[in-house]
$ cat upload.cif   # mmCIF, C-alpha atoms
data_data
#
loop_
_atom_site.group_PDB
_atom_site.id
_atom_site.type_symbol
_atom_site.label_atom_id
_atom_site.label_comp_id
_atom_site.auth_asym_id
_atom_site.auth_seq_id
_atom_site.Cartn_x
_atom_site.Cartn_y
_atom_site.Cartn_z
ATOM 1 C CA MET A 31 8.134 135.983 100.244
ATOM 2 C CA ARG A 32 6.886 132.735 98.674
ATOM 3 C CA LEU A 33 3.705 132.329 96.611
ATOM 4 C CA LEU A 34 2.015 129.228 95.175
ATOM 5 C CA VAL A 35 0.460 129.080 91.700
ATOM 6 C CA ILE A 36 -1.881 126.133 91.064
ATOM 7 C CA GLU A 37 -2.583 126.150 87.317
ATOM 8 C CA ASP A 38 -2.697 123.224 84.872
ATOM 9 C CA GLU A 39 -1.954 125.239 81.710
ATOM 10 C CA VAL A 40 1.837 125.118 81.629
ATOM 11 C CA ASN A 41 2.361 128.290 79.558
ATOM 12 C CA VAL A 42 -0.028 130.299 81.728
ATOM 13 C CA ALA A 43 1.579 129.007 84.926
ATOM 14 C CA ARG A 44 5.061 129.909 83.711
ATOM 15 C CA ALA A 45 3.967 133.372 82.583
ATOM 16 C CA VAL A 46 2.361 134.017 85.980
ATOM 17 C CA GLN A 47 5.499 132.743 87.699
ATOM 18 C CA ARG A 48 7.743 135.086 85.701
ATOM 19 C CA GLY A 49 5.433 138.033 86.302
ATOM 20 C CA LEU A 50 5.346 137.518 90.059
ATOM 21 C CA GLU A 51 9.077 136.880 90.218
ATOM 22 C CA ALA A 52 9.505 140.246 88.513
ATOM 23 C CA ASP A 53 7.818 141.722 91.598
ATOM 24 C CA GLY A 54 10.429 140.083 93.820
ATOM 25 C CA PHE A 55 8.481 137.003 94.923
ATOM 26 C CA ASP A 56 9.604 133.396 95.032
ATOM 27 C CA VAL A 57 7.005 131.293 93.202
ATOM 28 C CA ASP A 58 6.231 127.563 93.334
ATOM 29 C CA ILE A 59 3.979 125.888 90.756
ATOM 30 C CA ALA A 60 1.603 122.927 90.914
ATOM 31 C CA HIS A 61 -0.181 121.670 87.797
ATOM 32 C CA ASP A 62 -2.989 119.716 89.465
ATOM 33 C CA GLY A 63 -5.253 120.141 92.476
ATOM 34 C CA ASP A 64 -3.920 117.231 94.515
ATOM 35 C CA THR A 65 -0.308 118.395 94.272
ATOM 36 C CA GLY A 66 -1.341 121.986 94.935
ATOM 37 C CA LEU A 67 -3.293 121.021 98.051
ATOM 38 C CA TRP A 68 -0.351 119.005 99.356
ATOM 39 C CA MET A 69 2.070 121.893 98.751
ATOM 40 C CA ALA A 70 -0.280 124.389 100.413
ATOM 41 C CA ARG A 71 -0.421 122.136 103.475
ATOM 42 C CA GLU A 72 3.315 121.497 103.600
ATOM 43 C CA HIS A 73 4.624 125.024 103.088
ATOM 44 C CA ASP A 74 3.894 128.465 104.490
ATOM 45 C CA TYR A 75 2.827 130.617 101.529
ATOM 46 C CA ALA A 76 1.992 134.315 101.635
ATOM 47 C CA LEU A 77 -0.646 133.890 98.890
ATOM 48 C CA ILE A 78 -2.083 131.234 96.545
ATOM 49 C CA VAL A 79 -3.141 131.815 92.924
ATOM 50 C CA LEU A 80 -5.666 129.051 92.259
ATOM 51 C CA ASP A 81 -7.292 128.006 88.988
ATOM 52 C CA ILE A 82 -10.770 126.422 89.152
ATOM 53 C CA MET A 83 -10.531 123.810 86.402
ATOM 54 C CA LEU A 84 -7.740 121.475 87.501
ATOM 55 C CA PRO A 85 -6.932 117.796 86.972
ATOM 56 C CA GLY A 86 -7.773 115.733 90.043
ATOM 57 C CA THR A 87 -9.141 117.920 92.822
ATOM 58 C CA ASN A 88 -10.674 121.108 91.388
ATOM 59 C CA GLY A 89 -10.031 124.604 92.680
ATOM 60 C CA TYR A 90 -13.298 124.845 94.596
ATOM 61 C CA VAL A 91 -12.440 121.756 96.634
ATOM 62 C CA VAL A 92 -8.839 122.882 97.192
ATOM 63 C CA CYS A 93 -10.059 126.246 98.490
ATOM 64 C CA ALA A 94 -12.844 124.793 100.648
ATOM 65 C CA THR A 95 -10.514 122.161 102.116
ATOM 66 C CA LEU A 96 -7.902 124.727 103.124
ATOM 67 C CA ARG A 97 -10.551 126.893 104.773
ATOM 68 C CA GLU A 98 -12.010 123.896 106.632
ATOM 69 C CA GLU A 99 -8.496 123.261 107.949
ATOM 70 C CA ALA A 100 -8.344 126.875 109.222
ATOM 71 C CA ASP A 101 -5.763 127.896 106.606
ATOM 72 C CA THR A 102 -6.178 131.668 106.181
ATOM 73 C CA THR A 103 -3.676 132.134 103.339
ATOM 74 C CA PRO A 104 -5.089 134.701 100.861
ATOM 75 C CA ILE A 105 -6.410 132.961 97.732
ATOM 76 C CA LEU A 106 -6.762 134.629 94.331
ATOM 77 C CA MET A 107 -8.997 132.401 92.211
ATOM 78 C CA LEU A 108 -8.796 132.304 88.409
ATOM 79 C CA THR A 109 -12.197 131.876 86.764
ATOM 80 C CA ALA A 110 -13.539 131.421 83.239
ATOM 81 C CA LYS A 111 -14.424 134.510 81.221
ATOM 82 C CA HIS A 112 -17.994 135.687 81.986
ATOM 83 C CA GLY A 113 -18.223 132.976 84.659
ATOM 84 C CA GLU A 114 -20.355 134.874 87.180
ATOM 85 C CA HIS A 115 -21.412 131.630 88.869
ATOM 86 C CA ASP A 116 -17.767 130.536 89.015
ATOM 87 C CA GLN A 117 -16.882 133.795 90.722
ATOM 88 C CA ALA A 118 -19.724 133.522 93.233
ATOM 89 C CA GLU A 119 -18.944 129.911 94.077
ATOM 90 C CA GLY A 120 -15.252 130.682 94.406
ATOM 91 C CA LEU A 121 -15.927 133.455 96.915
ATOM 92 C CA ASP A 122 -18.446 131.270 98.757
ATOM 93 C CA THR A 123 -15.859 128.506 99.185
ATOM 94 C CA GLY A 124 -13.440 130.961 100.803
ATOM 95 C CA ALA A 125 -11.477 132.693 98.037
ATOM 96 C CA ASP A 126 -10.486 136.271 98.825
ATOM 97 C CA ASP A 127 -10.564 137.608 95.271
ATOM 98 C CA TYR A 128 -11.040 136.419 91.696
ATOM 99 C CA LEU A 129 -9.695 137.229 88.258
ATOM 100 C CA THR A 130 -11.306 136.227 84.958
ATOM 101 C CA LYS A 131 -9.371 134.669 82.087
ATOM 102 C CA PRO A 132 -7.837 135.934 79.902
ATOM 103 C CA PHE A 133 -6.055 138.462 82.086
ATOM 104 C CA SER A 134 -3.003 140.683 81.782
ATOM 105 C CA MET A 135 -0.021 140.364 84.086
ATOM 106 C CA VAL A 136 -0.460 144.026 85.016
ATOM 107 C CA VAL A 137 -3.877 143.282 86.518
ATOM 108 C CA LEU A 138 -2.859 139.998 88.156
ATOM 109 C CA ARG A 139 0.147 141.580 89.850
ATOM 110 C CA ALA A 140 -2.030 144.458 91.083
ATOM 111 C CA HIS A 141 -4.559 141.987 92.560
ATOM 112 C CA VAL A 142 -1.763 140.095 94.305
ATOM 113 C CA ARG A 143 -0.295 143.267 95.822
ATOM 114 C CA ALA A 144 -3.758 144.413 96.953
ATOM 115 C CA LEU A 145 -4.446 141.077 98.669
ATOM 116 C CA LEU A 146 -1.091 141.136 100.427
ATOM 117 C CA ARG A 147 -1.701 144.680 101.648
ATOM 118 C CA ARG A 148 -5.171 143.659 102.844
ATOM 119 C CA GLY A 149 -3.621 140.809 104.760
ATOM 120 C CA GLY A 150 -1.087 143.122 106.375
ATOM 121 C CA THR A 151 1.874 141.561 104.575
ATOM 122 C CA PRO A 152 4.129 144.099 102.844
ATOM 123 C CA PRO A 153 5.226 143.276 99.287
ATOM 124 C CA THR A 154 8.911 142.764 98.641
ATOM 125 C CA ALA A 155 11.116 145.059 96.571
ATOM 126 C CA ASP A 156 8.897 148.117 97.168
ATOM 127 C CA ILE A 157 11.262 150.525 95.387
ATOM 128 C CA LEU A 158 13.334 149.818 92.284
ATOM 129 C CA SER A 159 15.973 152.374 91.330
ATOM 130 C CA VAL A 160 17.979 152.562 88.130
ATOM 131 C CA GLY A 161 20.071 155.709 87.896
ATOM 132 C CA ASP A 162 17.828 158.664 88.663
ATOM 133 C CA VAL A 163 14.610 156.707 88.051
ATOM 134 C CA ASP A 164 12.806 155.434 91.161
ATOM 135 C CA ILE A 165 9.837 153.058 90.767
ATOM 136 C CA ASP A 166 7.458 152.814 93.727
ATOM 137 C CA ARG A 167 5.881 149.410 93.088
ATOM 138 C CA VAL A 168 3.299 149.713 95.870
ATOM 139 C CA GLY A 169 2.141 153.245 95.108
ATOM 140 C CA ARG A 170 2.668 152.626 91.367
ATOM 141 C CA VAL A 171 4.481 155.934 90.982
ATOM 142 C CA VAL A 172 7.617 156.703 88.961
ATOM 143 C CA ARG A 173 9.894 159.575 89.948
ATOM 144 C CA VAL A 174 12.897 161.090 88.217
ATOM 145 C CA SER A 175 15.193 162.906 90.653
ATOM 146 C CA GLY A 176 12.234 163.096 93.047
ATOM 147 C CA ASN A 177 9.749 164.476 90.502
ATOM 148 C CA GLU A 178 6.752 162.333 89.584
ATOM 149 C CA VAL A 179 6.347 161.163 85.982
ATOM 150 C CA GLY A 180 2.834 160.368 84.792
ATOM 151 C CA LEU A 181 2.653 156.891 83.231
ATOM 152 C CA THR A 182 -0.306 154.762 82.224
ATOM 153 C CA ASN A 183 -0.693 151.290 83.775
ATOM 154 C CA ARG A 184 0.880 149.617 80.727
ATOM 155 C CA GLU A 185 3.741 152.095 80.606
ATOM 156 C CA PHE A 186 4.369 151.590 84.317
ATOM 157 C CA ALA A 187 4.374 147.802 83.922
ATOM 158 C CA LEU A 188 6.803 148.018 81.006
ATOM 159 C CA LEU A 189 9.234 150.275 82.877
ATOM 160 C CA ASP A 190 8.880 148.179 86.039
ATOM 161 C CA THR A 191 9.744 144.986 84.143
ATOM 162 C CA LEU A 192 12.762 146.595 82.484
ATOM 163 C CA ALA A 193 13.960 147.992 85.819
ATOM 164 C CA TYR A 194 13.682 144.631 87.578
ATOM 165 C CA ASN A 195 15.679 142.981 84.779
ATOM 166 C CA HIS A 196 18.047 145.902 84.180
ATOM 167 C CA THR A 197 21.185 143.771 84.415
ATOM 168 C CA GLY A 198 20.168 142.052 81.170
ATOM 169 C CA ALA A 199 18.018 142.592 78.090
ATOM 170 C CA CYS A 200 14.303 141.744 77.933
ATOM 171 C CA SER A 201 13.085 140.185 74.696
ATOM 172 C CA LYS A 202 9.922 141.464 73.028
ATOM 173 C CA SER A 203 8.116 138.186 73.716
ATOM 174 C CA TYR A 204 9.065 138.357 77.406
ATOM 175 C CA LEU A 205 7.774 141.930 77.668
ATOM 176 C CA VAL A 206 4.501 140.987 75.964
ATOM 177 C CA ASN A 207 3.988 138.134 78.451
ATOM 178 C CA GLN A 208 4.772 140.310 81.446
ATOM 179 C CA VAL A 209 2.893 143.467 80.447
ATOM 180 C CA TRP A 210 0.010 142.262 78.264
ATOM 181 C CA GLY A 211 -0.307 138.643 79.387
ATOM 182 C CA PRO A 212 0.210 135.250 77.733
ATOM 183 C CA SER A 213 -3.130 135.422 75.887
ATOM 184 C CA PHE A 214 -2.371 138.719 74.129
ATOM 185 C CA ASP A 215 -2.964 138.568 70.370
ATOM 186 C CA GLY A 216 -2.951 142.269 69.506
ATOM 187 C CA VAL A 217 -0.703 144.236 67.175
ATOM 188 C CA SER A 218 2.810 142.882 66.690
ATOM 189 C CA ASN A 219 4.606 146.194 67.272
ATOM 190 C CA VAL A 220 2.955 146.989 70.612
ATOM 191 C CA VAL A 221 6.269 146.746 72.501
ATOM 192 C CA GLU A 222 8.023 149.209 70.182
ATOM 193 C CA VAL A 223 5.088 151.618 70.480
ATOM 194 C CA TYR A 224 5.080 151.595 74.284
ATOM 195 C CA VAL A 225 8.857 151.754 74.531
ATOM 196 C CA GLY A 226 8.561 154.947 72.474
ATOM 197 C CA TYR A 227 5.948 156.342 74.846
ATOM 198 C CA VAL A 228 8.090 155.682 77.921
ATOM 199 C CA ARG A 229 11.273 156.979 76.273
ATOM 200 C CA ARG A 230 9.593 160.285 75.480
ATOM 201 C CA LYS A 231 8.265 160.693 79.024
ATOM 202 C CA LEU A 232 11.659 159.915 80.581
ATOM 203 C CA ALA A 233 13.343 162.354 78.206
ATOM 204 C CA ALA A 234 10.782 165.053 79.032
ATOM 205 C CA ALA A 235 11.633 164.545 82.722
ATOM 206 C CA ASN A 236 15.358 164.929 81.920
ATOM 207 C CA ALA A 237 16.131 161.428 83.148
ATOM 208 C CA THR A 238 19.689 160.216 82.683
ATOM 209 C CA ALA A 239 18.424 156.613 82.729
ATOM 210 C CA ARG A 240 17.150 155.480 79.351
ATOM 211 C CA ILE A 241 15.699 152.472 77.532
ATOM 212 C CA GLU A 242 18.364 151.074 75.257
ATOM 213 C CA THR A 243 17.697 148.846 72.233
ATOM 214 C CA VAL A 244 19.875 145.727 72.331
ATOM 215 C CA ARG A 245 20.026 144.604 68.740
ATOM 216 C CA GLY A 246 18.906 141.001 68.357
ATOM 217 C CA HIS A 247 17.874 140.721 72.017
ATOM 218 C CA GLY A 248 15.298 143.373 72.930
ATOM 219 C CA TYR A 249 15.472 146.243 75.406
ATOM 220 C CA ARG A 250 17.097 147.144 78.705
ATOM 221 C CA LEU A 251 16.979 150.069 81.114
ATOM 222 C CA VAL A 252 20.390 151.576 81.712
ATOM 223 C CA ALA A 253 21.561 154.260 84.129
#
$ encode --input "upload.cif" --output "structure tokens"
Amino acid sequence: MRLLVIEDEVNVARAVQRGLEADGFDVDIAHDGDTGLWMAREHDYALIVLDIMLPGTNGYVVCATLREEADTTPILMLTAKHGEHDQAEGLDTGADDYLTKPFSMVVLRAHVRALLRRGGTPPTADILSVGDVDIDRVGRVVRVSGNEVGLTNREFALLDTLAYNHTGACSKSYLVNQVWGPSFDGVSNVVEVYVGYVRRKLAAANATARIETVRGHGYRLVA
């Protein structure tokens, strides 16, 4: 399933791309409104993530133009923090949902999945399994040998990211981008803290799969 991200901030666009690819999507990027509008017209996308403030044609015009052309692709619009008028105008021009900056990848990915479900399009890679750990990405439930394990949203996102990338190690910076978002400026040891939380919950559930520290590289989930 292919998605389009129209975002002029290169680091934000790449972080969004990596986060959505971790959910099993193919993601194209455009860094200005004119290119984004052309790509949306030329290709069949399941969903568009659209920033408002873009070089060339802005997000409002891109959205309104697609709707005038009877394009019904779900659009998730990115708005400025506290931009109530931005949100209202975005919805009035035809956006299906909005998300204020700064945002976490956990929330963005949840909005994308909700829009795809609303549109009747099933997300890809619904279940990830590593050893005896099964991750239901739609229901956002983790089970060990069929028994549910209670995780917070952040813990779920961390385990989900490790499971998707289980053939290799995830660096701390990659995990911060995926779980807390590219704008995160909180405590430096947040990854270690949450890895500890998830390890303890998997151990309490008697999981054979575990989060392994890869010295000099980060973490990986192994069966």
$ atom_distance --input "upload.cif" --atom1 "CA of Trp210 in chain A" --atom2 "CA of Ala76 in chain A"
24.8 Å
$ closest_residue --input "upload.cif" --among "A:Asp162, A:Glu37, A:Glu51, A:Asp64" --to "Tyr194 in chain A" --atoms "all atoms listed in the file"
A:Glu51
$ residues_near_point --input "upload.cif" --point "(2.8, 129.6, 87.3)" --cutoff "12 Å" --atoms "only C-alpha atoms" --output "short mmCIF file (atom, residue, chain, number, x, y, z; two decimals) with C-alpha atoms, keeping the file's coordinate frame"
data_model
loop_
_atom_site.label_atom_id
_atom_site.label_comp_id
_atom_site.auth_asym_id
_atom_site.auth_seq_id
_atom_site.Cartn_x
_atom_site.Cartn_y
_atom_site.Cartn_z
CA LEU A 33 3.70 132.33 96.61
CA LEU A 34 2.02 129.23 95.18
CA VAL A 35 0.46 129.08 91.70
CA ILE A 36 -1.88 126.13 91.06
CA GLU A 37 -2.58 126.15 87.32
CA ASP A 38 -2.70 123.22 84.87
CA GLU A 39 -1.95 125.24 81.71
CA VAL A 40 1.84 125.12 81.63
CA ASN A 41 2.36 128.29 79.56
CA VAL A 42 -0.03 130.30 81.73
CA ALA A 43 1.58 129.01 84.93
CA ARG A 44 5.06 129.91 83.71
CA ALA A 45 3.97 133.37 82.58
CA VAL A 46 2.36 134.02 85.98
CA GLN A 47 5.50 132.74 87.70
CA ARG A 48 7.74 135.09 85.70
CA GLY A 49 5.43 138.03 86.30
CA LEU A 50 5.35 137.52 90.06
CA GLU A 51 9.08 136.88 90.22
CA ASP A 56 9.60 133.40 95.03
CA VAL A 57 7.00 131.29 93.20
CA ASP A 58 6.23 127.56 93.33
CA ILE A 59 3.98 125.89 90.76
CA ALA A 60 1.60 122.93 90.91
CA HIS A 61 -0.18 121.67 87.80
CA ASP A 62 -2.99 119.72 89.46
CA GLY A 66 -1.34 121.99 94.94
CA ILE A 78 -2.08 131.23 96.54
CA VAL A 79 -3.14 131.82 92.92
CA LEU A 80 -5.67 129.05 92.26
CA ASP A 81 -7.29 128.01 88.99
CA LEU A 108 -8.80 132.30 88.41
CA MET A 135 -0.02 140.36 84.09
CA LEU A 138 -2.86 140.00 88.16
CA PRO A 212 0.21 135.25 77.73
#
$ atom_distance --input "upload.cif" --atom1 "CA of Lys231 in chain A" --atom2 "CA of Ser218 in chain A"
22.3 Å
$ resolve_selection --input "upload.cif" --expression "the PyMOL selection byres ((chain A and resi 185) around 10)" --output "NGL selection string"
:A and (180-184 or 186-191 or 209 or 224-229 or 231)
$ atom_distance --input "upload.cif" --atom1 "CA of Thr103 in chain A" --atom2 "CA of Ala52 in chain A"
21.4 Å
$ closest_residue --input "upload.cif" --among "A:Val92, A:Ala237, A:Val206, A:Ala118" --to "Val223 in chain A" --atoms "all atoms listed in the file"
A:Val206
$ closest_residue --input "upload.cif" --among "A:Arg148, A:Lys131, A:Arg139, A:His196" --to "Val244 in chain A" --atoms "all atoms listed in the file"
A:His196
$ residues_around --input "upload.cif" --residues "Ala253 in chain A" --least-positions-apart "3" --cutoff "6 Å" --atoms "only C-alpha atoms" --output "PyMOL selection string"
chain A and resi 160-161+239
$ resolve_selection --input "upload.cif" --expression "the PyMOL selection byres ((chain A and resi 158) around 10)" --output "list in words"
Asp53, Ala155, Asp156, Ile157, Ser159, Val160, Gly161, Val163, Asp164, Ile165, Asp166, Arg167, Val172, Asp190, Ala193 and Tyr194 of chain A
$ axis_aligned_box --input "upload.cif" --around "range 63-76 of chain A" --padding-each-side "3 Å" --output "JSON"
{"center_x": -0.3, "center_y": 125.8, "center_z": 98.5, "size_x": 15.9, "size_y": 23.1, "size_z": 18.0}
$ resolve_selection --input "upload.cif" --expression "the PyMOL selection byres ((chain A and resi 67) around 10)" --output "list in words"
Ile36, Ala60, Asp62, Gly63, Asp64, Thr65, Gly66, Trp68, Met69, Ala70, Arg71, Glu72, Thr87, Asn88, Gly89, Val91, Val92, Cys93, Thr95 and Leu96 of chain A
$ write_last_selection --input "upload.cif" --atoms "C-alpha atoms" --output "compact mmCIF listing (two decimals), keeping the file's coordinate frame"
# COMPACT_ATOMS: atom_id res chain seq x y z
CA ILE A 36 -1.88 126.13 91.06
CA ALA A 60 1.60 122.93 90.91
CA ASP A 62 -2.99 119.72 89.46
CA GLY A 63 -5.25 120.14 92.48
CA ASP A 64 -3.92 117.23 94.52
CA THR A 65 -0.31 118.40 94.27
CA GLY A 66 -1.34 121.99 94.94
CA TRP A 68 -0.35 119.00 99.36
CA MET A 69 2.07 121.89 98.75
CA ALA A 70 -0.28 124.39 100.41
CA ARG A 71 -0.42 122.14 103.48
CA GLU A 72 3.32 121.50 103.60
CA THR A 87 -9.14 117.92 92.82
CA ASN A 88 -10.67 121.11 91.39
CA GLY A 89 -10.03 124.60 92.68
CA VAL A 91 -12.44 121.76 96.63
CA VAL A 92 -8.84 122.88 97.19
CA CYS A 93 -10.06 126.25 98.49
CA THR A 95 -10.51 122.16 102.12
CA LEU A 96 -7.90 124.73 103.12
$ residues_around --input "upload.cif" --residues "Ile241 in chain A" --least-positions-apart "3" --cutoff "7 Å" --atoms "only C-alpha atoms" --output "list of chain:residue names"
A:Arg229, A:Tyr249, A:Arg250, A:Leu251, A:Val252
$ closest_residue --input "upload.cif" --among "A:Asp215, A:Gly198, A:Arg147, A:Arg170" --to "Pro132 in chain A" --atoms "all atoms listed in the file"
A:Asp215
